[in-house]
>>> print(open('input15.cif').read())   # mmCIF, C-alpha atoms and all ligand atoms
data_model
loop_
_atom_site.label_atom_id
_atom_site.label_comp_id
_atom_site.auth_asym_id
_atom_site.auth_seq_id
_atom_site.Cartn_x
_atom_site.Cartn_y
_atom_site.Cartn_z
CA MET R 1 -6.00 -6.01 -49.91
CA TRP R 2 -6.65 -4.29 -46.59
CA ALA R 3 -3.01 -3.28 -46.36
CA LYS R 4 -3.35 -1.50 -49.69
CA ILE R 5 -6.07 0.89 -48.54
CA PRO R 6 -3.83 2.90 -46.21
CA LEU R 7 -1.10 2.78 -48.86
CA SER R 8 -3.37 4.37 -51.43
CA TYR R 9 -4.23 7.11 -48.97
CA LEU R 10 -0.59 7.71 -48.13
CA ASN R 11 0.49 7.78 -51.76
CA SER R 12 -1.73 10.80 -52.35
CA LEU R 13 0.77 12.64 -50.15
CA GLY R 14 3.86 11.32 -51.92
CA ASN R 15 4.82 7.88 -53.24
CA ASN R 16 6.84 5.20 -51.43
CA MET R 17 5.21 6.29 -48.18
CA ALA R 18 7.23 9.50 -48.30
CA ILE R 19 5.14 10.83 -45.46
CA LEU R 20 6.86 8.42 -43.07
CA ARG R 21 10.16 10.15 -43.80
CA SER R 22 8.64 13.55 -43.26
CA ASN R 23 10.19 16.00 -40.84
CA ILE R 24 7.36 18.36 -40.08
CA ARG R 25 4.94 18.66 -37.19
CA ALA R 26 1.39 17.50 -37.88
CA LYS R 27 -0.08 20.98 -37.44
CA ASP R 28 2.15 22.35 -40.23
CA PHE R 29 1.55 19.44 -42.60
CA VAL R 30 -0.31 20.59 -45.70
CA GLY R 31 -2.76 18.15 -47.24
CA LEU R 32 -3.35 15.93 -44.23
CA ASN R 33 -7.09 16.53 -44.69
CA LYS R 34 -6.82 14.54 -47.93
CA ILE R 35 -6.77 11.45 -45.76
CA CYS R 36 -10.41 10.77 -45.02
CA SER R 37 -9.80 7.91 -42.59
CA HIS R 38 -9.92 9.51 -39.15
CA PHE R 39 -7.91 6.66 -37.65
CA LEU R 40 -5.16 6.88 -40.24
CA ARG R 41 -5.00 10.64 -39.94
CA ARG R 42 -4.58 10.44 -36.15
CA ALA R 43 -1.93 7.74 -36.59
CA ILE R 44 -0.01 9.98 -38.99
CA GLU R 45 -0.32 12.94 -36.65
CA ALA R 46 1.14 10.87 -33.83
CA TRP R 47 3.90 9.71 -36.16
CA LEU R 48 4.79 13.21 -37.35
CA ASP R 49 4.83 14.64 -33.86
CA GLY R 50 7.35 11.99 -32.89
CA MET R 51 9.78 12.74 -35.69
CA LYS R 52 13.08 14.42 -35.13
CA ILE R 53 13.31 17.77 -36.91
CA ALA R 54 16.61 17.76 -38.77
CA THR R 55 18.58 20.71 -40.14
CA VAL R 56 20.18 20.96 -43.57
CA ASP R 57 23.52 19.95 -42.04
CA ASP R 58 22.08 16.72 -40.64
CA VAL R 59 21.38 15.44 -44.14
CA GLY R 60 24.35 13.61 -45.65
CA THR R 61 25.12 14.16 -49.35
CA THR R 62 24.04 10.63 -50.19
CA GLN R 63 20.65 11.30 -48.61
CA ILE R 64 19.82 14.53 -50.45
CA CYS R 65 18.06 12.67 -53.25
CA HIS R 66 15.73 11.01 -50.74
CA GLN R 67 14.53 14.25 -49.19
CA ASN R 68 10.83 14.82 -49.65
CA ILE R 69 9.95 17.86 -51.70
CA TRP R 70 6.51 18.15 -50.12
CA ASN R 71 5.91 19.03 -46.54
CA ASN R 72 9.58 19.28 -45.81
CA ILE R 73 10.40 21.79 -43.10
CA LEU R 74 13.71 22.49 -44.87
CA ILE R 75 12.14 23.21 -48.27
CA ARG R 76 9.95 26.25 -47.86
CA TYR R 77 8.62 28.92 -50.15
CA LYS R 78 7.68 32.18 -48.41
CA ASN R 79 8.24 30.30 -45.18
CA ARG R 80 5.63 27.66 -45.96
CA PRO R 81 6.28 24.04 -46.85
CA LEU R 82 5.23 23.01 -50.34
CA PHE R 83 2.43 20.68 -51.34
CA ILE R 84 1.30 20.42 -54.97
CA PRO R 85 -0.91 17.36 -55.54
CA ARG R 86 -0.62 17.23 -59.33
CA TRP R 87 3.17 16.98 -59.15
CA ILE R 88 2.71 14.10 -56.71
CA GLN R 89 0.25 12.41 -59.08
CA LYS R 90 2.91 12.52 -61.77
CA GLY R 91 5.35 10.75 -59.50
CA ILE R 92 7.45 13.65 -58.25
CA THR R 93 8.01 13.15 -54.56
CA SER R 94 11.67 13.46 -53.67
CA LEU R 95 14.53 15.67 -54.80
CA GLY R 96 15.98 12.68 -56.71
CA ASP R 97 12.94 12.88 -59.00
CA LEU R 98 14.03 16.38 -60.04
CA PHE R 99 17.72 15.57 -60.50
CA GLN R 100 18.56 13.47 -63.53
CA ASN R 101 21.76 12.92 -65.52
CA ASP R 102 23.77 14.96 -63.03
CA GLN R 103 21.62 18.03 -63.21
CA TRP R 104 18.38 19.55 -62.07
CA LEU R 105 15.51 19.21 -64.50
CA SER R 106 14.85 22.30 -66.57
CA TYR R 107 11.43 23.90 -66.71
CA ASN R 108 10.82 22.33 -70.13
CA GLU R 109 11.69 18.87 -68.86
CA VAL R 110 9.33 19.27 -65.93
CA ARG R 111 6.61 20.49 -68.27
CA GLU R 112 6.93 17.28 -70.22
CA ILE R 113 6.30 15.28 -67.07
CA ILE R 114 3.54 17.35 -65.53
CA GLY R 115 1.88 18.61 -68.68
CA HIS R 116 1.38 22.20 -69.72
CA SER R 117 -0.60 24.47 -67.48
CA GLY R 118 -0.78 28.13 -66.51
CA GLY R 119 0.77 28.05 -63.07
CA LEU R 120 3.53 25.57 -63.80
CA LEU R 121 6.34 28.06 -64.31
CA PHE R 122 5.53 29.74 -61.05
CA GLU R 123 5.45 26.38 -59.25
CA TYR R 124 8.74 25.33 -60.83
CA ASN R 125 10.46 28.54 -59.73
CA ALA R 126 8.98 28.31 -56.25
CA ILE R 127 10.33 24.78 -55.82
CA MET R 128 13.78 25.53 -57.20
CA ASN R 129 14.04 28.59 -54.94
CA ALA R 130 12.90 26.64 -51.94
CA ILE R 131 15.56 23.93 -52.17
CA PRO R 132 18.36 24.81 -49.72
CA LEU R 133 21.43 26.19 -51.47
CA ALA R 134 23.74 23.53 -50.06
CA TRP R 135 21.62 20.78 -51.60
CA LYS R 136 21.22 22.60 -54.88
CA THR R 137 24.98 22.91 -55.37
CA ASN R 138 25.70 19.34 -54.20
CA GLY R 139 23.12 17.84 -56.51
CA ALA R 140 20.92 14.94 -55.60
CA GLU R 141 22.43 11.92 -57.25
CA GLN R 142 20.73 8.59 -56.63
CA ILE R 143 23.60 7.05 -54.74
CA SER R 144 22.10 4.97 -52.04
CA GLU R 145 18.91 3.13 -51.27
CA PRO R 146 16.23 5.25 -49.66
CA PRO R 147 16.44 4.89 -45.89
CA ASN R 148 13.80 2.83 -44.12
CA PRO R 149 11.44 5.11 -42.28
CA ASP R 150 12.51 5.23 -38.68
CA PHE R 151 10.77 6.33 -35.55
CA HIS R 152 12.85 7.39 -32.57
CA GLY R 153 15.92 5.75 -34.08
CA LYS R 154 14.35 2.35 -34.80
CA THR R 155 13.44 1.22 -38.30
CA ILE R 156 9.98 -0.16 -38.96
CA SER R 157 11.05 -3.80 -39.17
CA THR R 158 12.44 -3.77 -35.63
CA TRP R 159 9.45 -2.24 -33.86
CA THR R 160 7.49 -3.92 -31.15
CA SER R 161 4.09 -2.70 -30.08
CA SER R 162 5.36 -1.87 -26.60
CA PHE R 163 8.19 0.22 -28.09
CA VAL R 164 5.73 2.31 -30.07
CA ARG R 165 3.30 2.59 -27.18
CA ASN R 166 6.02 3.76 -24.79
CA LYS R 167 7.30 6.34 -27.24
CA LEU R 168 3.82 7.69 -27.94
CA THR R 169 3.07 7.89 -24.23
CA ALA R 170 6.32 9.75 -23.65
CA ILE R 171 5.48 12.26 -26.40
CA ARG R 172 2.07 12.90 -24.92
CA TYR R 173 3.40 13.38 -21.39
CA ARG R 174 2.91 16.86 -20.04
CA GLN R 175 4.33 17.81 -16.68
CA PRO R 176 1.48 18.59 -14.28
CA GLY R 177 1.39 22.32 -13.51
CA VAL R 178 1.21 21.55 -9.82
CA ILE R 179 4.86 20.46 -9.85
CA ASN R 180 5.95 24.10 -10.19
CA PHE R 181 3.47 25.08 -7.51
CA TRP R 182 5.03 22.72 -4.96
CA ALA R 183 8.58 23.46 -6.11
CA ASN R 184 7.98 27.14 -5.31
CA LYS R 185 6.43 26.34 -1.98
CA TYR R 186 9.07 23.82 -0.91
CA PRO R 187 12.38 24.72 -2.57
CA GLY R 188 14.65 21.70 -2.68
CA LEU R 189 11.83 19.18 -2.45
CA GLU R 190 12.06 16.62 -5.21
CA ILE R 191 8.57 16.05 -6.62
CA SER R 192 9.38 12.49 -7.62
CA PRO R 193 7.03 9.73 -8.81
CA ARG R 194 7.30 8.38 -5.27
CA ILE R 195 5.11 11.22 -4.11
CA TRP R 196 2.33 10.37 -6.57
CA GLU R 197 2.58 6.71 -5.63
CA VAL R 198 2.41 7.07 -1.86
CA ALA R 199 -1.26 6.16 -1.54
CA PHE R 200 -1.07 3.37 -4.11
CA LYS R 201 1.69 1.70 -2.14
CA CYS R 202 0.24 2.07 1.35
CA THR R 203 -3.48 1.37 0.94
CA LYS R 204 -6.03 -0.26 -1.36
CA GLU R 205 -8.75 2.02 -0.08
CA THR R 206 -10.16 4.23 -2.82
CA ARG R 207 -11.21 6.97 -0.44
CA LEU R 208 -7.69 7.39 0.92
CA ARG R 209 -6.16 7.24 -2.54
CA VAL R 210 -8.51 9.93 -3.79
CA LEU R 211 -7.74 12.11 -0.81
CA HIS R 212 -4.00 11.81 -1.49
CA PHE R 213 -4.58 12.57 -5.18
CA LYS R 214 -6.53 15.73 -4.37
CA ILE R 215 -3.96 16.97 -1.90
CA VAL R 216 -0.89 16.44 -4.07
CA HIS R 217 -2.67 17.96 -7.07
CA ASN R 218 -3.67 20.91 -4.92
CA ILE R 219 -7.36 20.44 -5.62
CA TYR R 220 -8.44 19.47 -2.10
CA PRO R 221 -11.20 21.95 -1.12
CA THR R 222 -9.86 24.01 1.75
CA LYS R 223 -11.75 27.22 2.49
CA ILE R 224 -9.72 29.00 -0.20
CA LEU R 225 -11.08 26.73 -2.92
CA LEU R 226 -14.58 26.70 -1.43
CA GLN R 227 -14.67 30.49 -1.52
CA LYS R 228 -13.53 30.49 -5.16
CA MET R 229 -16.40 28.11 -5.91
CA GLY R 230 -18.84 30.39 -4.12
CA LEU R 231 -19.46 27.81 -1.39
CA ALA R 232 -17.91 29.73 1.51
CA ASP R 233 -18.02 33.37 2.56
CA SER R 234 -14.40 33.55 3.58
CA SER R 235 -11.11 31.96 2.57
CA ASN R 236 -9.94 31.89 6.18
CA CYS R 237 -9.89 28.88 8.49
CA SER R 238 -13.13 28.73 10.49
CA TYR R 239 -11.17 27.98 13.67
CA CYS R 240 -8.08 30.20 13.52
CA ASN R 241 -9.18 32.92 11.11
CA THR R 242 -5.95 32.68 9.11
CA ARG R 243 -5.79 31.95 5.40
CA ASP R 244 -6.69 28.33 4.84
CA TYR R 245 -3.78 27.03 2.78
CA MET R 246 -3.43 23.28 2.37
CA GLU R 247 -0.64 23.19 4.95
CA HIS R 248 -2.74 25.17 7.39
CA PHE R 249 -5.77 22.95 6.90
CA PHE R 250 -3.89 19.73 7.56
CA TYR R 251 -0.88 20.72 9.64
CA HIS R 252 -0.72 24.17 11.28
CA CYS R 253 -4.35 24.58 12.27
CA LEU R 254 -4.80 24.73 16.06
CA THR R 255 -7.55 22.13 15.93
CA VAL R 256 -5.31 19.49 14.38
CA ARG R 257 -2.01 19.93 16.25
CA ASN R 258 -3.06 17.52 19.01
CA LEU R 259 -3.83 14.82 16.50
CA TRP R 260 -0.36 14.95 14.99
CA THR R 261 1.30 14.91 18.41
CA HIS R 262 -0.77 11.84 19.21
CA ILE R 263 0.16 10.17 15.91
CA GLU R 264 3.87 11.03 16.35
CA CYS R 265 3.73 9.41 19.72
CA LYS R 266 2.18 6.19 18.40
CA LEU R 267 4.48 5.97 15.42
CA SER R 268 7.58 6.61 17.56
CA THR R 269 6.62 3.64 19.70
CA PHE R 270 6.13 1.57 16.58
CA ILE R 271 9.49 2.31 15.02
CA GLY R 272 11.26 2.40 18.36
CA ALA R 273 12.74 5.85 17.83
CA PRO R 274 11.50 9.42 18.18
CA LEU R 275 9.64 10.51 15.08
CA GLU R 276 8.78 14.07 14.22
CA LEU R 277 6.35 14.69 11.39
CA TYR R 278 7.09 17.81 9.38
CA GLU R 279 4.73 19.78 7.20
CA ARG R 280 5.99 18.06 4.04
CA ASP R 281 5.61 14.59 5.55
CA ILE R 282 1.99 15.33 6.28
CA ILE R 283 1.15 16.89 2.93
CA PHE R 284 2.95 14.31 0.74
CA GLY R 285 3.62 11.33 2.98
CA ILE R 286 7.05 9.97 3.82
CA THR R 287 9.03 9.07 0.70
CA THR R 288 12.57 8.51 2.00
CA GLY R 289 14.17 6.63 4.87
CA TYR R 290 12.93 3.43 6.55
CA ASN R 291 12.21 0.27 4.64
CA SER R 292 9.20 0.20 2.38
CA ARG R 293 7.06 -1.87 4.79
CA ILE R 294 7.51 0.63 7.61
CA ARG R 295 7.16 3.58 5.25
CA ASN R 296 3.84 2.22 4.01
CA CYS R 297 2.57 1.83 7.56
CA LEU R 298 3.59 5.37 8.47
CA ASN R 299 1.96 6.71 5.35
CA ALA R 300 -1.26 4.80 5.96
CA TYR R 301 -1.43 6.36 9.43
CA ILE R 302 -0.74 9.83 8.06
CA LEU R 303 -3.42 9.40 5.39
CA VAL R 304 -6.01 8.23 7.91
CA GLY R 305 -5.04 11.25 10.01
CA LYS R 306 -5.74 13.58 7.09
CA LEU R 307 -9.02 11.81 6.34
CA CYS R 308 -10.11 12.39 9.95
CA ILE R 309 -9.18 16.06 9.77
CA SER R 310 -11.26 16.37 6.61
CA LYS R 311 -14.24 14.58 8.22
CA TYR R 312 -13.90 16.53 11.44
CA LYS R 313 -13.77 19.95 9.78
CA TYR R 314 -16.60 19.34 7.34
CA GLY R 315 -18.70 16.87 9.37
CA GLN R 316 -20.49 16.58 12.68
CA TYR R 317 -17.79 15.17 14.91
CA HIS R 318 -16.88 16.57 18.32
CA ASP R 319 -13.65 14.80 19.15
CA LEU R 320 -10.92 14.51 16.55
CA LEU R 321 -8.78 12.07 18.57
CA LEU R 322 -11.73 9.76 19.17
CA LEU R 323 -12.63 9.91 15.50
CA PHE R 324 -9.06 8.95 14.61
CA GLN R 325 -9.06 6.06 17.05
CA ASN R 326 -12.29 4.72 15.56
CA GLU R 327 -11.04 5.01 12.01
CA ILE R 328 -7.83 3.20 12.95
CA ASN R 329 -9.71 0.43 14.78
CA MET R 330 -12.04 0.02 11.85
CA ARG R 331 -9.09 -0.52 9.52
CA LYS R 332 -7.08 -2.65 11.97
CA LEU R 333 -3.86 -1.04 10.81
CA LYS R 334 -1.02 -3.47 11.29
CA PHE R 335 0.84 -2.06 14.26
CA GLN R 336 -2.24 -1.00 16.14
CA SER R 337 -1.67 -3.60 18.85
CA GLU R 338 2.03 -2.79 19.15
CA ALA R 339 1.50 0.94 19.32
CA ASP R 340 -1.36 0.61 21.80
CA ASP R 341 -0.47 -0.31 25.30
ZN ZN F 401 -7.13 26.68 11.46
#
>>> encode(input="input15.cif", output="structure tokens", more="lines below")
Ligand SMILES: [Zn+2]
Amino acid sequence: MWAKIPLSYLNSLGNNMAILRSNIRAKDFVGLNKICSHFLRRAIEAWLDGMKIATVDDVGTTQICHQNIWNNILIRYKNRPLFIPRWIQKGITSLGDLFQNDQWLSYNEVREIIGHSGGLLFEYNAIMNAIPLAWKTNGAEQISEPPNPDFHGKTISTWTSSFVRNKLTAIRYRQPGVINFWANKYPGLEISPRIWEVAFKCTKETRLRVLHFKIVHNIYPTKILLQKMGLADSSNCSYCNTRDYMEHFFYHCLTVRNLWTHIECKLSTFIGAPLELYERDIIFGITTGYNSRIRNCLNAYILVGKLCISKYKYGQYHDLLLLFQNEINMRKLKFQSEADD
């Protein structure tokens, strides 16, 4: 019985679950508000937004009869898809319903099905005009079985919940705007998932993960952001009086150069080869080269370095190197003993 409730809702938009074979985006679908179940409506919206929009040429001649008349992007009158509930109530859903004995139903034949009413002739003409010419001349003979509704190339019977979930997630994905921001700043840099994952791979510490998140999403509050928020008088670095871009704050600023030289020195000893940290390595972490264990160690060091810079610039600390040493000791980062002599 419960399965029948959604079916009765769906049938008000066309019988045989015609809506599942629809080819129109949810926002253009007329009559969706007839479905009073919020859940079902959202499900249908997600479904519609995942459908492939076909063209007239994509529809084979044997499939013409199964094309929905209502809410079909290819059947439009004055550029709008059609939706006439009383035709649906009388069982007219697909083009096959209008094509019998090798020809399209005449107005009089339709009137016998729908019943006489004032606007019927207008509706009949609107529909017949809206049917694409190629389909009208081919006719819509009932040749084959109606296709099973499919979603991203898979018919209903073969779905798994993870398949649907993955497809819906993919549809909803929007590229973060910050990707263009970094691509402009660092031409040639690949903003790969590895960059987002750096902090999740190298530390379990929420504070460090949040810091990484803010930096890579360009929402870490340097003086530029603080000024925009009305929390600082100037957008320049308090130490160097140059504009406080992210890369200045963490890398170029005179007050932090010593720290990075110190860290380079320690990390070079650890990996047994000279290591130079570039601006990108410090902003995003190291995402290529080395094995993952070493990369994670390097990135943990770099993140702690950035945390110290943040604390030093906005806190009450007098010695950045000492602060860094304390933070490292507190965390007992793996190669501490090897890097320390
Ligand atoms: Zn500075």
>>> closest_residue(input="input15.cif", among="R:Ala43, R:Cys237, R:Leu120, R:Leu259", to="R:Thr222", atoms="all atoms listed in the file")
R:Cys237
>>> atom_distance(input="input15.cif", atom1="atom CA of R:His318", atom2="atom CA of R:Thr255")
11.1 Å
>>> closest_residue(input="input15.cif", among="R:Tyr301, R:Tyr9, R:Trp47, R:Phe213", to="R:Arg172", atoms="all atoms listed in the file")
R:Trp47
>>> atom_distance(input="input15.cif", atom1="atom CA of R:Leu226", atom2="atom CA of R:Glu197")
26.7 Å
>>> residues_near_ligand(input="input15.cif", ligand="ligand ZN 401 (chain F)", cutoff="8 Å", atoms="all atoms listed in the file", output="list in words")
Asn236, Cys237, Ser238, Tyr239, Cys240, Asn241, Thr242, Asp244, His248, Phe249, His252, Cys253, Leu254, Thr255 and Val256 of chain R
>>> residues_around(input="input15.cif", residues="R:Asn125", least_positions_apart="5", cutoff="10 Å", atoms="all atoms listed in the file", output="PyMOL selection string")
chain R and resi 77+107+120+130
>>> atom_distance(input="input15.cif", atom1="atom CA of R:Leu105", atom2="atom CA of R:Ile64")
15.4 Å
>>> residues_around(input="input15.cif", residues="stretch 59-61 of chain R", least_positions_apart="4", cutoff="8 Å", atoms="only C-alpha atoms", output="list of chain:residue names")
R:Ala54, R:Thr55, R:Trp135, R:Asn138, R:Ala140
>>> write_last_selection(input="input15.cif", atoms="C-alpha atoms", output="CSV table (one decimal), in the frame of the given file")
chain,number,residue,atom,x,y,z
R,54,ALA,CA,16.6,17.8,-38.8
R,55,THR,CA,18.6,20.7,-40.1
R,135,TRP,CA,21.6,20.8,-51.6
R,138,ASN,CA,25.7,19.3,-54.2
R,140,ALA,CA,20.9,14.9,-55.6
>>> axis_aligned_box(input="input15.cif", around="stretch 83-99 of chain R", padding_each_side="8 Å", output="AutoDock Vina command-line options")
--center_x 8.4 --center_y 15.7 --center_z -56.6 --size_x 34.6 --size_y 25.9 --size_z 26.4
>>> residues_around(input="input15.cif", residues="R:Asp28", least_positions_apart="5", cutoff="12 Å", atoms="only C-alpha atoms", output="list in words")
Ser22, Asn23, Asn33, Glu45, Leu48, Asp49, Trp70, Asn71, Asn72, Ile73, Arg76, Asn79, Arg80, Pro81, Leu82 and Phe83 of chain R
>>> residues_around(input="input15.cif", residues="R:Ile263", least_positions_apart="2", cutoff="12 Å", atoms="all atoms listed in the file", output="number ranges by chain")
R: 256-261, 265-270, 274-277, 282, 298-306, 320-321, 324-325, 328, 336, 339-340
>>> closest_residue(input="input15.cif", among="R:Lys204, R:Arg209, R:Lys136, R:Arg86", to="R:Ile113", atoms="all atoms listed in the file")
R:Arg86
>>> closest_residue(input="input15.cif", among="R:Ile53, R:Leu20, R:Leu323, R:Val164", to="R:Lys311", atoms="all atoms listed in the file")
R:Leu323
>>> closest_residue(input="input15.cif", among="R:Leu208, R:Ile35, R:Ile127, R:Ile156", to="R:Arg331", atoms="all atoms listed in the file")
R:Leu208
>>> residues_around(input="input15.cif", residues="R:Leu168", least_positions_apart="5", cutoff="9 Å", atoms="all atoms listed in the file", output="MDAnalysis selection string")
chainID R and resid 46:47 50 163 173
>>> closest_residue(input="input15.cif", among="R:Asn15, R:Thr155, R:Ala273, R:Val110", to="R:Gly91", atoms="only C-alpha atoms")
R:Asn15
>>> build_atoms(input="input15.cif", residues="stretch 210-226 of chain R", atoms="N, CA and C atoms", output="compact mmCIF listing (two decimals), in the coordinates of the input")
# COMPACT_ATOMS: atom_id res chain seq x y z
N VAL R 210 -7.96 8.71 -3.20
CA VAL R 210 -8.51 9.93 -3.79
C VAL R 210 -8.10 11.15 -2.98
N LEU R 211 -8.13 10.99 -1.66
CA LEU R 211 -7.74 12.11 -0.81
C LEU R 211 -6.29 12.52 -1.11
N HIS R 212 -5.40 11.52 -1.19
CA HIS R 212 -4.00 11.81 -1.49
C HIS R 212 -3.88 12.52 -2.85
N PHE R 213 -4.61 11.99 -3.83
CA PHE R 213 -4.58 12.57 -5.18
C PHE R 213 -4.98 14.05 -5.13
N LYS R 214 -6.06 14.34 -4.42
CA LYS R 214 -6.53 15.73 -4.37
C LYS R 214 -5.52 16.63 -3.69
N ILE R 215 -4.91 16.12 -2.63
CA ILE R 215 -3.96 16.97 -1.90
C ILE R 215 -2.73 17.25 -2.76
N VAL R 216 -2.13 16.19 -3.32
CA VAL R 216 -0.89 16.44 -4.07
C VAL R 216 -1.15 17.20 -5.37
N HIS R 217 -2.37 17.16 -5.89
CA HIS R 217 -2.67 17.96 -7.07
C HIS R 217 -3.25 19.33 -6.70
N ASN R 218 -3.21 19.62 -5.42
CA ASN R 218 -3.67 20.91 -4.92
C ASN R 218 -5.12 21.21 -5.33
N ILE R 219 -5.95 20.18 -5.32
CA ILE R 219 -7.36 20.44 -5.62
C ILE R 219 -8.24 20.02 -4.45
N TYR R 220 -7.61 19.78 -3.27
CA TYR R 220 -8.44 19.47 -2.10
C TYR R 220 -9.15 20.77 -1.69
N PRO R 221 -10.47 20.71 -1.42
CA PRO R 221 -11.20 21.95 -1.12
C PRO R 221 -10.98 22.46 0.30
N THR R 222 -9.95 23.25 0.50
CA THR R 222 -9.86 24.01 1.75
C THR R 222 -10.78 25.21 1.58
N LYS R 223 -10.84 26.08 2.58
CA LYS R 223 -11.75 27.22 2.49
C LYS R 223 -11.40 28.12 1.29
N ILE R 224 -10.12 28.15 0.93
CA ILE R 224 -9.72 29.00 -0.20
C ILE R 224 -10.45 28.56 -1.46
N LEU R 225 -10.42 27.25 -1.72
CA LEU R 225 -11.08 26.73 -2.92
C LEU R 225 -12.60 26.87 -2.81
N LEU R 226 -13.12 26.60 -1.62
CA LEU R 226 -14.58 26.70 -1.43
C LEU R 226 -15.06 28.13 -1.71
